[in-house]
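Data first, discussion second: the structure below is written as structure tokens.
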Amino acid sequence: MSGGIFVSYRKNYKGGRRSHAQAVEAFIERLRAHFGPDKVHADTGLEAGEHYPSALRGWLENDTEVLLVFVHREWFVDLRARKAEKDWVRYEVRKGLEKGLYVLPVLLDRATLPSKDRLLKAEFDDIAELGTRQYWRIDFGDWQRGGAELIRLLEGRVSGEALPAPERPDPARPRGIWPMAAAALFGLAAPWLLVRLLVPEVDLRHVWLVALAMALVLPLIIPLGTVAVVHAARARLDESDKHLAQLAHDQKTNVTVGLFVAGMGIIVLFVSNLLPWQGQLLVLAVIVGFTVIEGDRWLRDRRNSDLWPYVRLVPHPASVRGALAHVERFMKAHRPLLTRAQREQVEFVLGQVEWAVDRLHELRALPRWTWLRRSTAWLPALHVLLVAAVIGSAVSAVVEGGWGYRACSPAPWSPPL
């Protein structure tokens, strides 16, 4: 079963309220705080106007795996006094025994549990088995310790809330060599075919091919230079990741609002004529550089911060730091005692962090080229394409230059007649 705890206790007797009822109801709220409100069933959870017989029967039939029977000193006296009428406490105990639930009598203060023989003698045959159950005692004034020990006992009996299945994609999937091979073949052949289709003059084709080869060198150098700059600024990026992970959610919201306001100001700056076009280009270059270097990390942390308990965690140092900082804030917010559900959520997140760290170690152990091919297959393929295009343009320029020279060479000289 996937149900929870049903609490059976005697609240009133002959129009008067029993002295133990207030303490039991306070403990019910403690159980709800620990296991969750949907896991603890008692009449204190009924709403005004609700049909309580149907609610009680539904809880006992479908949503219960533990039945706590609170026995006060006058419990047996009350039971006999209500023998001739509809007694819900008797019904609850009988239904729990019939269904084979984990029935636990909880004796309050100096109360005693009626034995089976005593119950049979009083003609309570339907609940006589209650007298054979091992009981738990809580004395008044000892609710803190005794209640905590009872909660630890119940944790092994009550099913916890099902956590979502963790999403753990492989960050380094083995990839085939065909993207690089296709990029190489296309890069070698594309310049020659392109020039032959677009340039009809044979003697100009090698010039265009040389120009194309020189032009392709520039985009080939740009990604390499970008990678070099990023690696040079690695320490700065790691430091920003650490500060980002330590930001609270309200601070992240303030930063987001601040960036929005700054963005609107920059838009006004560009629309107006406050700066010459050279200054506008410089501001645009700074914005683009900041967005490329820092913006992705800010957005990733902002997105992941609202996911709890982190069903998906990217194997990235910034994500790991953000998750650990979130766990720390979560545990501080729920001191001094985490409930069972909260502990399970924290353990779930820490399991995700452990998995992400293991994947990072695996990625770190890979050779650089293998890691590049597995993590971002399009990037090495793009490099191969550019290199092959430069080589193809150069080779085609040599071949076309030779053909063009032979095709346009002057006729052999002959002496005049």
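Each chain of the structure tokens is named A, B, ... in the order shown, its residues numbered from 1; ligands are numbered from 1 in display order.
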
DSSP strand (DSSP E or B) selection over region 11-47 of chain A, as an mmCIF file with C-alpha atoms, in the first residue's frame:
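Contents of selection_19.cif, as written:
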```
data_model
loop_
_atom_site.group_PDB
_atom_site.id
_atom_site.type_symbol
_atom_site.label_atom_id
_atom_site.label_comp_id
_atom_site.auth_asym_id
_atom_site.auth_seq_id
_atom_site.Cartn_x
_atom_site.Cartn_y
_atom_site.Cartn_z
ATOM 1 C CA ASN A 12 -15.367 13.653 23.619
ATOM 2 C CA TYR A 13 -17.299 11.774 26.271
ATOM 3 C CA GLY A 16 -17.248 16.837 27.594
ATOM 4 C CA ARG A 17 -13.828 17.004 26.047
ATOM 5 C CA VAL A 40 -1.784 11.749 8.062
ATOM 6 C CA HIS A 41 -5.543 11.127 8.347
#
```

Within 9 Å of region 344-368 of chain A, which residues of region 304-339 of chain A show up? Give each one with its shortest atom-to-atom distance in Å (one decimal) and the two atoms involved, counting only C-alpha atoms, rows by chain then rising residue number, as a tab-separated table.
```
residue	atom	partner	partner_atom	distance
A:Trp308	CA	A:Gln345	CA	8.0
A:Pro309	CA	A:Gln345	CA	5.8
A:Tyr310	CA	A:Val349	CA	6.0
A:Val311	CA	A:Gln352	CA	8.0
A:Arg312	CA	A:Gln352	CA	7.9
A:Leu313	CA	A:Gln352	CA	6.6
A:Val314	CA	A:Ala356	CA	6.9
A:Pro315	CA	A:Ala356	CA	4.6
A:His316	CA	A:Leu360	CA	7.2
A:Pro317	CA	A:Leu360	CA	8.2
A:Ser319	CA	A:Val353	CA	8.7
A:Val320	CA	A:Val353	CA	5.9
A:Arg321	CA	A:Val353	CA	8.9
A:Ala323	CA	A:Val353	CA	7.2
A:Leu324	CA	A:Val353	CA	7.6
A:Val327	CA	A:Val346	CA	6.5
A:Phe330	CA	A:Val346	CA	8.3
A:Met331	CA	A:Val346	CA	8.1
A:Thr339	CA	A:Glu344	CA	8.6
```

Grab the residues selected above and save them as a compact mmCIF listing (two decimals), in the first residue's frame with C-alpha atoms.
```txt
# COMPACT_ATOMS: atom_id res chain seq x y z
CA TRP A 308 13.60 21.46 -6.82
CA PRO A 309 14.64 18.79 -6.23
CA TYR A 310 16.74 19.26 -9.40
CA VAL A 311 15.37 16.56 -11.69
CA ARG A 312 17.94 17.56 -14.32
CA LEU A 313 21.43 18.77 -13.45
CA VAL A 314 23.89 19.70 -16.17
CA PRO A 315 27.40 18.28 -15.65
CA HIS A 316 28.96 21.71 -15.37
CA PRO A 317 30.90 23.26 -12.45
CA SER A 319 25.47 23.93 -12.05
CA VAL A 320 27.09 21.80 -9.35
CA ARG A 321 27.99 24.86 -7.30
CA ALA A 323 22.88 22.98 -6.58
CA LEU A 324 25.12 22.73 -3.51
CA VAL A 327 20.93 22.60 -0.69
CA PHE A 330 17.28 24.73 1.95
CA MET A 331 18.78 23.06 5.03
CA THR A 339 11.32 16.17 7.88
```

(request) Between CA of His206 (chain A) and CA of Pro191 (chain A), measure the distance and give it in Å to one decimal. (result) 10.8 Å

(message) Need the shell around Arg152 (chain A): protein/DNA/RNA residues with any atom at most 12 Å away, counting only C-alpha atoms. Skip same-chain ones fewer than 6 positions apart. Format as a PyMOL selection string?
(response) chain A and resi 31+34-35+145-146+158+339-340
